[in-house]
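**Student:** Handing over input_10.csv, CSV, C-alpha atoms and all ligand atoms.
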chain,number,residue,atom,x,y,z
G,190,MET,CA,29.1,3.9,-17.9
G,191,ARG,CA,26.4,1.5,-16.5
G,192,LYS,CA,24.7,2.8,-13.4
G,193,LYS,CA,25.0,0.6,-10.4
G,194,LYS,CA,21.7,-0.8,-9.3
G,195,ILE,CA,20.3,-0.8,-5.8
G,196,LEU,CA,17.3,-3.0,-5.2
G,197,PHE,CA,15.0,-2.4,-2.2
G,198,LEU,CA,12.9,-5.3,-1.0
G,199,LEU,CA,9.7,-4.6,0.9
G,200,SER,CA,6.1,-5.3,1.4
G,201,ASP,CA,3.6,-2.5,1.5
G,202,THR,CA,2.3,-3.2,5.0
G,203,GLY,CA,1.6,0.3,6.3
G,204,GLY,CA,3.3,3.3,4.6
G,205,GLY,CA,6.6,3.3,6.5
G,206,HIS,CA,8.6,0.7,4.6
G,207,ARG,CA,8.0,2.3,1.2
G,208,ALA,CA,8.6,5.8,2.6
G,209,SER,CA,11.9,4.6,4.1
G,210,ALA,CA,13.0,3.1,0.8
G,211,MET,CA,12.1,6.2,-1.1
G,212,ALA,CA,13.9,8.4,1.5
G,213,ILE,CA,17.1,6.4,1.2
G,214,SER,CA,16.7,6.5,-2.6
G,215,GLU,CA,16.5,10.3,-2.4
G,216,GLY,CA,19.6,10.3,-0.2
G,217,VAL,CA,21.5,8.3,-2.8
G,218,ALA,CA,20.4,10.6,-5.6
G,219,ALA,CA,21.4,13.7,-3.6
G,220,LEU,CA,24.9,12.4,-2.7
G,221,TYR,CA,25.7,10.6,-6.0
G,222,PRO,CA,23.7,12.3,-8.8
G,223,GLY,CA,23.3,10.0,-11.8
G,224,GLN,CA,25.5,7.2,-10.4
G,225,TYR,CA,22.9,4.8,-9.1
G,226,GLU,CA,19.6,3.3,-10.3
G,227,THR,CA,17.3,2.4,-7.5
G,228,VAL,CA,14.4,-0.1,-7.8
G,229,ILE,CA,11.8,-0.4,-5.0
G,230,GLU,CA,9.9,-3.6,-5.2
G,231,ASP,CA,6.9,-4.9,-3.3
G,232,VAL,CA,8.3,-8.5,-3.6
G,233,TRP,CA,5.6,-10.0,-1.4
G,234,LYS,CA,2.7,-8.8,-3.5
G,235,ARG,CA,4.2,-8.9,-6.9
G,236,HIS,CA,6.4,-12.1,-6.9
G,237,MET,CA,4.9,-14.5,-4.4
G,238,PRO,CA,2.3,-17.1,-5.4
G,239,PHE,CA,-1.4,-16.9,-4.5
G,240,PRO,CA,-2.6,-16.9,-1.7
G,241,ILE,CA,0.7,-15.8,0.1
G,242,ASN,CA,0.7,-12.7,-2.1
G,243,ARG,CA,-2.6,-11.6,-0.5
G,244,PHE,CA,-1.4,-11.7,3.1
G,245,PRO,CA,-0.3,-8.0,3.2
G,246,ASP,CA,-3.9,-7.0,2.2
G,247,THR,CA,-4.9,-8.1,5.7
G,248,TYR,CA,-2.4,-5.8,7.5
G,249,GLY,CA,-4.8,-2.8,7.9
G,250,TRP,CA,-7.4,-5.1,9.5
G,251,ILE,CA,-5.0,-7.1,11.7
G,252,THR,CA,-3.3,-4.0,13.1
G,253,GLY,CA,-6.7,-2.4,13.6
G,254,PRO,CA,-9.7,-4.4,14.7
G,255,GLY,CA,-7.7,-7.6,14.7
G,256,MET,CA,-4.9,-6.2,17.0
G,257,PRO,CA,-5.1,-9.0,19.7
G,258,LEU,CA,-4.4,-11.6,17.0
G,259,TRP,CA,-1.5,-9.4,15.7
G,260,ALA,CA,-0.1,-9.1,19.3
G,261,LEU,CA,-0.2,-12.9,19.6
G,262,MET,CA,1.5,-13.5,16.3
G,263,TRP,CA,4.1,-10.9,17.0
G,264,LYS,CA,5.0,-12.6,20.3
G,265,LEU,CA,5.0,-16.1,18.9
G,266,THR,CA,7.1,-15.3,15.9
G,267,TYR,CA,9.6,-13.5,18.1
G,268,TYR,CA,10.9,-17.0,19.0
G,269,ARG,CA,13.7,-18.0,16.7
G,270,LYS,CA,12.4,-21.6,16.5
G,271,MET,CA,9.0,-20.5,15.4
G,272,GLN,CA,10.5,-18.2,12.8
G,273,HIS,CA,12.7,-21.0,11.5
G,274,LEU,CA,9.6,-23.2,11.2
G,275,ILE,CA,7.7,-20.5,9.3
G,276,PHE,CA,10.6,-19.4,7.0
G,277,SER,CA,11.5,-23.0,6.2
G,278,GLY,CA,7.9,-23.7,5.4
G,279,VAL,CA,7.5,-20.7,3.2
G,280,ALA,CA,10.9,-20.7,1.5
G,281,PRO,CA,10.3,-23.6,-1.0
G,282,LEU,CA,6.8,-22.2,-1.9
G,283,VAL,CA,8.2,-18.7,-2.9
G,284,LYS,CA,11.7,-19.5,-4.1
G,285,ASN,CA,10.7,-20.3,-7.7
G,286,SER,CA,8.8,-17.0,-8.1
G,287,VAL,CA,11.2,-14.6,-6.5
G,288,THR,CA,14.5,-16.0,-7.7
G,289,PRO,CA,13.8,-15.4,-11.5
G,290,TYR,CA,12.9,-11.8,-10.6
G,291,LEU,CA,16.3,-11.3,-8.8
G,292,ARG,CA,18.1,-12.9,-11.8
G,293,ARG,CA,16.4,-10.5,-14.2
G,294,GLN,CA,17.2,-7.4,-12.0
G,295,GLN,CA,20.9,-8.3,-11.5
G,296,PRO,CA,21.3,-5.7,-8.6
G,297,ASP,CA,24.7,-4.6,-7.4
G,298,LEU,CA,23.3,-4.2,-3.8
G,299,VAL,CA,20.2,-5.4,-2.1
G,300,VAL,CA,18.6,-3.4,0.8
G,301,CYS,CA,15.9,-4.9,2.8
G,302,VAL,CA,13.5,-2.6,4.6
G,303,HIS,CA,11.0,-5.2,5.8
G,304,PRO,CA,11.3,-7.7,8.7
G,305,LEU,CA,10.1,-10.7,6.7
G,306,MET,CA,12.7,-10.6,3.9
G,307,ASN,CA,16.0,-10.7,5.6
G,308,HIS,CA,16.4,-14.5,6.2
G,309,LEU,CA,14.4,-15.2,3.1
G,310,GLY,CA,16.2,-12.5,1.1
G,311,LEU,CA,19.6,-14.1,1.7
G,312,GLN,CA,18.2,-17.4,0.5
G,313,TRP,CA,16.8,-15.8,-2.6
G,314,LEU,CA,20.2,-14.2,-3.5
G,315,GLN,CA,21.9,-17.6,-3.0
G,316,SER,CA,19.4,-19.4,-5.3
G,317,ALA,CA,19.7,-16.6,-7.9
G,318,GLN,CA,23.5,-17.0,-7.6
G,319,LEU,CA,24.0,-13.3,-6.9
G,320,ASP,CA,27.0,-12.6,-4.9
G,321,VAL,CA,26.2,-9.0,-3.9
G,322,PRO,CA,26.1,-7.2,-0.5
G,323,PHE,CA,22.8,-7.5,1.4
G,324,ILE,CA,21.9,-4.8,3.9
G,325,THR,CA,19.1,-4.6,6.4
G,326,VAL,CA,17.7,-1.1,7.3
G,327,VAL,CA,15.5,-1.7,10.3
G,328,THR,CA,12.5,0.7,10.1
G,329,ASP,CA,11.1,-0.1,13.6
G,330,MET,CA,12.4,2.6,15.8
G,331,VAL,CA,12.9,1.0,19.2
G,332,THR,CA,11.1,-2.3,19.7
G,333,VAL,CA,12.8,-4.3,16.9
G,334,HIS,CA,11.2,-7.7,16.1
G,335,SER,CA,13.7,-10.5,16.0
G,336,SER,CA,12.9,-11.3,12.4
G,337,TRP,CA,14.7,-8.1,11.4
G,338,ILE,CA,17.9,-9.4,12.8
G,339,CYS,CA,19.7,-11.9,10.5
G,340,PRO,CA,23.4,-11.9,11.6
G,341,GLU,CA,24.5,-13.2,8.2
G,342,VAL,CA,23.7,-9.9,6.4
G,343,ASP,CA,26.6,-7.7,5.4
G,344,ARG,CA,25.3,-4.6,7.4
G,345,CYS,CA,22.5,-3.7,9.6
G,346,LEU,CA,21.4,-0.1,10.1
G,347,VAL,CA,19.1,1.0,12.9
G,348,SER,CA,17.4,4.1,14.1
G,349,THR,CA,18.2,4.5,17.8
G,350,GLU,CA,20.7,3.3,20.4
G,351,LYS,CA,17.9,1.2,22.0
G,352,ALA,CA,17.4,-0.6,18.7
G,353,ARG,CA,21.1,-1.2,18.4
G,354,ASP,CA,21.2,-2.8,21.9
G,355,LEU,CA,18.4,-5.1,21.0
G,356,ALA,CA,20.0,-6.0,17.7
G,357,LEU,CA,23.2,-6.9,19.6
G,358,GLN,CA,21.2,-9.0,22.0
G,359,LEU,CA,19.6,-10.8,19.1
G,360,GLY,CA,23.1,-11.7,17.8
G,361,MET,CA,24.0,-9.1,15.2
G,362,PRO,CA,27.8,-8.7,15.2
G,363,LYS,CA,28.8,-5.3,16.6
G,364,GLU,CA,30.9,-4.3,13.6
G,365,LYS,CA,28.0,-4.8,11.2
G,366,LEU,CA,25.8,-2.3,13.1
G,367,ALA,CA,25.4,1.4,12.8
G,368,VAL,CA,22.9,3.9,14.2
G,369,HIS,CA,21.8,6.5,11.6
G,370,GLY,CA,18.2,7.4,12.6
G,371,GLN,CA,15.0,6.6,10.8
G,372,PRO,CA,15.3,7.3,7.0
G,373,VAL,CA,12.9,10.2,6.3
G,374,SER,CA,12.4,12.2,3.1
G,375,LEU,CA,14.8,15.1,2.7
G,376,LYS,CA,11.7,17.3,2.0
G,377,PHE,CA,11.1,17.5,5.8
G,378,ASN,CA,14.3,19.5,6.1
G,379,GLU,CA,12.8,22.2,3.9
G,380,ILE,CA,9.8,23.0,6.1
G,381,ASP,CA,9.6,26.7,6.8
G,382,SER,CA,9.2,27.6,10.4
G,383,ASP,CA,6.6,30.3,9.6
G,384,LYS,CA,3.4,28.3,10.2
G,385,GLN,CA,1.0,31.1,9.1
G,386,LYS,CA,2.8,31.3,5.7
G,387,ASN,CA,2.7,27.5,5.4
G,388,ARG,CA,-1.1,27.5,6.1
G,389,GLN,CA,-1.6,30.2,3.6
G,390,GLN,CA,0.2,28.1,1.0
G,391,LEU,CA,-1.9,25.2,1.8
G,392,GLY,CA,-5.0,27.3,1.3
G,393,ILE,CA,-6.3,27.0,4.9
G,394,ASN,CA,-7.0,29.7,7.5
G,395,PRO,CA,-3.6,31.0,8.5
G,396,ASP,CA,-4.7,32.2,12.0
G,397,LYS,CA,-6.4,29.2,13.5
G,398,PRO,CA,-4.6,26.7,15.7
G,399,THR,CA,-4.2,23.6,13.5
G,400,ILE,CA,-4.3,20.0,14.5
G,401,LEU,CA,-3.1,17.3,12.1
G,402,ILE,CA,-4.5,13.8,12.6
G,403,VAL,CA,-2.7,10.9,10.9
G,404,GLY,CA,-3.1,7.1,11.3
G,405,GLY,CA,-0.1,5.8,9.2
G,406,GLY,CA,-0.4,4.7,5.6
G,407,GLU,CA,-3.5,2.6,6.4
G,408,GLY,CA,-5.4,5.3,8.2
G,409,THR,CA,-5.8,3.1,11.3
G,410,GLY,CA,-6.8,4.1,14.9
G,411,GLN,CA,-9.7,6.0,16.3
G,412,ILE,CA,-9.4,8.8,13.7
G,413,TYR,CA,-13.1,9.4,13.3
G,414,ARG,CA,-13.9,9.5,17.0
G,415,ILE,CA,-10.9,11.8,17.8
G,416,ALA,CA,-11.7,14.2,15.0
G,417,ARG,CA,-15.3,14.4,16.1
G,418,SER,CA,-14.3,15.0,19.7
G,419,ILE,CA,-11.8,17.8,18.8
G,420,ALA,CA,-14.3,19.5,16.5
G,421,GLU,CA,-16.9,19.5,19.3
G,422,THR,CA,-14.5,20.8,22.0
G,423,ILE,CA,-12.0,23.1,20.4
G,424,PRO,CA,-14.2,25.6,18.5
G,425,TYR,CA,-11.3,28.0,17.7
G,426,GLY,CA,-9.2,25.3,16.0
G,427,GLN,CA,-9.1,23.7,12.6
G,428,LEU,CA,-8.4,20.1,11.5
G,429,LEU,CA,-6.3,18.4,8.9
G,430,VAL,CA,-7.2,14.7,8.7
G,431,VAL,CA,-5.2,12.2,6.7
G,432,THR,CA,-7.1,9.0,6.1
G,433,GLY,CA,-4.3,7.3,4.1
G,434,ARG,CA,-5.5,4.2,2.2
G,435,ASN,CA,-8.6,3.9,4.4
G,436,GLN,CA,-11.3,4.8,1.9
G,437,ARG,CA,-14.2,3.9,4.1
G,438,LEU,CA,-12.9,6.2,6.8
G,439,LYS,CA,-12.6,9.0,4.2
G,440,ALA,CA,-16.1,8.5,3.0
G,441,ARG,CA,-17.4,8.5,6.6
G,442,MET,CA,-15.5,11.7,7.4
G,443,GLU,CA,-16.8,13.4,4.3
G,444,ALA,CA,-20.4,12.6,5.2
G,445,VAL,CA,-20.3,14.7,8.3
G,446,SER,CA,-21.0,18.4,8.7
G,447,TRP,CA,-18.1,19.7,10.8
G,448,GLU,CA,-18.3,22.3,13.6
G,449,ILE,CA,-14.8,23.7,12.7
G,450,PRO,CA,-13.0,23.9,9.4
G,451,THR,CA,-12.0,20.3,8.7
G,452,HIS,CA,-9.9,19.4,5.7
G,453,ILE,CA,-10.0,15.7,4.8
G,454,TYR,CA,-7.4,14.0,2.7
G,455,GLY,CA,-6.9,10.5,1.4
G,456,PHE,CA,-3.4,9.2,0.9
G,457,VAL,CA,-1.2,12.3,0.6
G,458,ASP,CA,2.2,13.0,-0.9
G,459,ASN,CA,2.6,16.3,0.8
G,460,MET,CA,3.1,15.3,4.4
G,461,PRO,CA,5.9,17.9,4.9
G,462,GLU,CA,3.5,20.7,3.9
G,463,LEU,CA,0.8,19.4,6.3
G,464,MET,CA,3.2,19.0,9.2
G,465,GLY,CA,4.6,22.5,8.4
G,466,ALA,CA,1.1,23.9,8.7
G,467,ALA,CA,0.2,22.2,12.0
G,468,ASP,CA,0.7,23.2,15.6
G,469,LEU,CA,0.0,19.7,16.9
G,470,LEU,CA,0.1,16.2,15.5
G,471,VAL,CA,-2.2,13.4,16.7
G,472,THR,CA,-1.0,10.1,15.4
G,473,LYS,CA,-0.6,6.4,16.1
G,474,ALA,CA,3.0,5.7,17.2
G,475,GLY,CA,4.3,4.9,13.7
G,476,PRO,CA,8.1,5.3,13.5
G,477,GLY,CA,8.0,7.1,10.2
G,478,THR,CA,5.4,9.7,11.2
G,479,ILE,CA,7.1,10.2,14.6
G,480,SER,CA,10.5,10.8,13.0
G,481,GLU,CA,9.1,13.2,10.5
G,482,ALA,CA,7.4,15.1,13.3
G,483,PHE,CA,10.7,15.4,15.1
G,484,ILE,CA,12.2,17.1,12.1
G,485,ALA,CA,9.2,19.3,11.7
G,486,GLY,CA,9.5,20.2,15.4
G,487,LEU,CA,5.9,19.2,15.9
G,488,PRO,CA,4.6,18.2,19.3
G,489,LEU,CA,2.8,14.8,19.4
G,490,ILE,CA,-0.1,13.2,21.0
G,491,LEU,CA,0.1,9.5,20.4
G,492,SER,CA,-3.4,8.2,20.2
G,493,GLY,CA,-2.5,4.5,20.0
G,494,TYR,CA,0.1,2.1,18.8
G,495,ILE,CA,0.5,-1.2,17.1
G,496,ARG,CA,1.2,-3.8,19.8
G,497,GLY,CA,4.7,-5.2,19.5
G,498,GLN,CA,6.7,-3.0,17.1
G,499,GLU,CA,5.3,0.4,18.1
G,500,ALA,CA,5.2,-0.1,21.9
G,501,GLY,CA,8.7,1.2,22.4
G,502,ASN,CA,8.0,4.3,20.3
G,503,VAL,CA,5.5,5.5,22.9
G,504,ALA,CA,8.0,5.2,25.7
G,505,TYR,CA,10.6,6.9,23.6
G,506,VAL,CA,8.4,10.0,22.9
G,507,LYS,CA,7.4,10.2,26.5
G,508,GLU,CA,10.9,9.7,27.9
G,509,HIS,CA,12.2,12.6,25.8
G,510,GLN,CA,9.2,14.8,26.5
G,511,ALA,CA,8.4,15.4,22.8
G,512,GLY,CA,4.8,14.5,23.4
G,513,ALA,CA,2.4,12.4,25.4
G,514,TYR,CA,0.3,9.3,25.0
G,515,ALA,CA,-3.5,9.6,25.5
G,516,GLY,CA,-5.3,6.3,25.8
G,517,THR,CA,-8.8,7.7,25.7
G,518,THR,CA,-10.4,10.2,23.2
G,519,ARG,CA,-11.7,12.3,26.1
G,520,GLY,CA,-8.2,12.5,27.6
G,521,LEU,CA,-6.7,13.3,24.2
G,522,THR,CA,-9.0,16.1,23.5
G,523,ALA,CA,-8.5,17.6,27.0
G,524,LEU,CA,-4.8,17.5,26.5
G,525,ALA,CA,-5.0,19.1,23.0
G,526,ARG,CA,-7.2,21.9,24.4
G,527,ASP,CA,-4.8,22.5,27.3
G,528,TRP,CA,-1.7,22.5,25.0
G,529,LEU,CA,-3.3,24.9,22.5
G,530,ASP,CA,-4.1,27.4,25.2
G,531,VAL,CA,-2.3,30.6,24.1
G,532,ASN,CA,-1.1,31.1,27.7
G,533,ASN,CA,0.4,27.7,28.0
G,534,PRO,CA,4.1,27.6,27.0
G,535,ILE,CA,4.2,23.8,26.9
G,536,LEU,CA,3.7,23.5,23.1
G,537,GLN,CA,6.9,25.4,22.5
G,538,GLU,CA,8.8,23.3,25.0
G,539,LEU,CA,7.5,20.1,23.4
G,540,ALA,CA,8.4,21.4,20.0
G,541,ARG,CA,12.0,22.1,21.2
G,542,ASN,CA,12.3,18.6,22.7
G,543,ALA,CA,10.9,17.1,19.5
G,544,SER,CA,13.5,19.0,17.4
G,545,CYS,CA,16.3,17.7,19.7
G,546,LEU,CA,15.4,14.1,18.6
G,547,ALA,CA,15.5,14.9,14.9
G,548,ARG,CA,17.9,13.1,12.6
G,549,PRO,CA,17.4,15.2,9.4
G,550,ASN,CA,20.4,13.6,7.7
G,551,ALA,CA,19.5,10.0,8.3
G,552,SER,CA,18.7,9.3,4.7
G,553,LEU,CA,22.0,10.8,3.6
G,554,ASP,CA,24.0,8.9,6.2
G,555,ILE,CA,22.3,5.6,5.3
G,556,ALA,CA,22.9,6.3,1.6
G,557,ALA,CA,26.6,7.0,2.2
G,558,ASP,CA,26.9,3.8,4.3
G,559,ILE,CA,25.2,1.5,1.9
G,560,CYS,CA,27.0,2.8,-1.2
G,561,LYS,CA,30.3,2.2,0.4
G,562,LEU,CA,29.6,-1.5,0.1
G,563,ILE,CA,29.2,-1.5,-3.7
I,601,LIG,N1,2.2,8.7,4.7
I,601,LIG,C1,2.0,9.4,3.5
I,601,LIG,N2,0.8,9.7,3.1
I,601,LIG,C2,-0.3,9.3,3.8
I,601,LIG,C3,-0.2,8.7,5.0
I,601,LIG,C4,1.1,8.4,5.5
I,601,LIG,O1,3.0,9.7,2.9
I,601,LIG,O2,-1.4,9.6,3.4
I,601,LIG,C5,3.5,8.4,5.2
I,601,LIG,C6,4.0,9.0,6.4
I,601,LIG,O3,4.4,10.4,6.1
I,601,LIG,C7,5.1,8.1,6.9
I,601,LIG,C8,4.5,6.7,6.5
I,601,LIG,O4,3.6,7.0,5.4
I,601,LIG,O5,6.3,8.3,6.2
I,601,LIG,C9,3.8,6.0,7.6
I,601,LIG,O6,4.8,5.4,8.3
I,601,LIG,P1,4.6,5.0,9.9
I,601,LIG,O7,5.9,4.3,10.2
I,601,LIG,O8,4.3,6.2,10.6
I,601,LIG,O9,3.4,4.0,9.9
I,601,LIG,P2,2.9,2.8,9.1
I,601,LIG,O10,1.9,3.2,8.0
I,601,LIG,O11,4.1,2.1,8.5
I,601,LIG,O12,2.3,1.9,10.1
Starting from the file, give its structure as structure tokens.

**Tutor:**
Amino acid sequence: MRKKKILFLLSDTGGGHRASAMAISEGVAALYPGQYETVIEDVWKRHMPFPINRFPDTYGWITGPGMPLWALMWKLTYYRKMQHLIFSGVAPLVKNSVTPYLRRQQPDLVVCVHPLMNHLGLQWLQSAQLDVPFITVVTDMVTVHSSWICPEVDRCLVSTEKARDLALQLGMPKEKLAVHGQPVSLKFNEIDSDKQKNRQQLGINPDKPTILIVGGGEGTGQIYRIARSIAETIPYGQLLVVTGRNQRLKARMEAVSWEIPTHIYGFVDNMPELMGAADLLVTKAGPGTISEAFIAGLPLILSGYIRGQEAGNVAYVKEHQAGAYAGTTRGLTALARDWLDVNNPILQELARNASCLARPNASLDIAADICKLI
């Protein structure tokens, strides 16, 4: 029997979109072994004409040093009229390159996990003459950009009640909406609660308080400065630093002689192991990383956020007391030192609160929901 094919549309801006697609794919394989084939495609990079296919390469810069420009773009494109103008300008340029790909793939279901391919995605399906269900899985946790919400899709799955309210306001019919949580790899459910054992398995000192620093898939934020400050002020700790795809940052970190044990990684595929080994996570407010930390029961210090889509995540973490936001490196380090004090019970409290927000079955629930449509 031919396996049914699920095609995920995304662009690799940051690490979250691909991680979400992979997590849902894992969910599908776990619930329906051998029944579905899943294809995850960076449509933007692989099927759009030059120079449009190069836009995602600027994401690391524009959400880092170019943030004011990003914030302006985010606001301007929030207006439906502006979006319509952009999408109708881009659509004819990209139609001829994406449509043949969709015709070749002949998916039975299309899942979009990126804000820019919902309106366009429906147009591509139409021009490829594919009459199959189209689903949006919104991977922004709270502050959903309006481009995610295309009321004509068959189903729209969001992470939180706040995102659902926003989707309703933006015109998504109620019956198409469901809240399942952020799709996160099922591997996070397997994290052992014995941190010493996890540290031993990772090959690091099992007895030292461990701080994990992450800046999303692109390794953005003040990672270098934060790591230096922690190394100088928490002499009894150790650091795990994930630089993601930011190779310059990795090289810069590796050139330093560190005051405390500091393990520097590039783009990792063992985030569950790293989170399982850590007592505290310092990260920008990426929805994927935050949701993973909730499952790992890991307290968070948010060191920054991408203006626009990540602003709501900061408020969400603070409101539920799963962590705090520290706007300065000095404040962040002071907070980390205070929380890691053995006499301070706050770390356990924060860990408990983080666990309460966990949606460990989100990928399975999303998988069950989307497969119902085939
Ligand atoms: N990630 C990873 N390896 C890395 C860095 C990040 O697997 O070296 C994953 C991380 O676990 C999360 C995603 O990439 O699933 C990052 O998503 P998030 O929403 O936090 O931020 P983004 O990179 O999309 O801005």

**Student:** Please return, as a ChimeraX atom specification, all polymer residues that have at least one atom within 10 Å of the point (5.5, -13.5, -6.4); use only C-alpha atoms and the file's own coordinate frame.

**Tutor:** /G:231-242,282-290

**Student:** Please list as a CSV table (one decimal) with C-alpha atoms, in the coordinates of the input every residue within 6 Å of segment 416-421 of chain G, counting all atoms listed in the file and excluding residues in the same chain fewer than 6 positions away.

**Tutor:**
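Saved result, result39.csv, follows:
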chain,number,residue,atom,x,y,z
G,448,GLU,CA,-18.3,22.3,13.6
G,449,ILE,CA,-14.8,23.7,12.7
G,522,THR,CA,-9.0,16.1,23.5

**Student:** Within 9 Å of ligand LIG 601 (chain I), counting all atoms listed in the file: which residues, as a PyMOL selection string?

**Tutor:** chain G and resi 201-209+212+249+252+328-330+373-374+403-409+431-434+454-461+472-481+494-495+499

**Student:** So how far away is atom CA of Glu230 of chain G from atom CA of Leu319 of chain G, in Å?

**Tutor:**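 Computed distance, atom CA of Leu319 of chain G to atom CA of Glu230 of chain G, equals 17.2 Å.
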
**Student:** Please identify all polymer residues within 8 Å of segment 532-546 of chain G, counting all atoms listed in the file, omitting same-chain residues fewer than 4 positions from it, and present them as a list in words.

**Tutor:** Ala482, Phe483, Ile484, Ala485, Gly486, Leu487, Pro488, His509, Gln510, Ala511, Gly512, Asp527 and Trp528 of chain G

**Student:** Just give me the gap between atom CA of Leu491 of chain G and atom CA of Ile251 of chain G in Å, one decimal is fine.

**Tutor:** 19.4 Å

**Student:** Which polymer residues, protein or nucleic acid, are no farther than 10 Å from (22.5, -0.3, -13.1), counting all atoms listed in the file, as a VMD selection string?

**Tutor:** chain G and resid 190 to 196 224 to 228 294 to 297

**Student:** From the set G:Ser492, G:Gln411, G:Gln389, G:Ser336, which residue has the shortest atom-to-atom contact distance to Val302 of chain G, counting only C-alpha atoms?

**Tutor:** G:Ser336

**Student:** One number please: atom CA of Ala210 of chain G to atom CA of Pro322 of chain G, in Å, one decimal.

**Tutor:** 16.7 Å

**Student:** Which one is closest to Ala218 of chain G: G:Ser552, G:Ser200, G:Pro304, G:Leu562? Count all atoms listed in the file.

**Tutor:** G:Ser552

**Student:** Restricting the calculation to only C-alpha atoms: of G:Arg388, G:His334, G:Arg437, G:Arg292, which residue gets closest to Leu355 of chain G?

**Tutor:**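 Ranked by minimum distance to Leu355 of chain G, first place goes to G:His334.
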
**Student:** Which residue, G:Thr422, G:Gln358, G:Asn502, G:Ser214, has the smallest gap to Leu521 of chain G when you use only C-alpha atoms?

**Tutor:**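 Ranking G:Thr422, G:Gln358, G:Asn502, G:Ser214 by distance to Leu521 of chain G, first place goes to G:Thr422.
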
**Student:** Between G:Arg344, G:His273, G:Arg441, G:Lys376, which one has atoms that come closest to Leu298 of chain G, using all atoms listed in the file?

**Tutor:**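 Closest to Leu298 of chain G of all the choices is G:Arg344.
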
**Student:** Using all atoms listed in the file, which residue out of G:Val445, G:Leu311, G:Ile338, G:Ala367 lies closest to Glu350 of chain G?

**Tutor:**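 Closest residue, counting all atoms listed in the file: G:Ala367.
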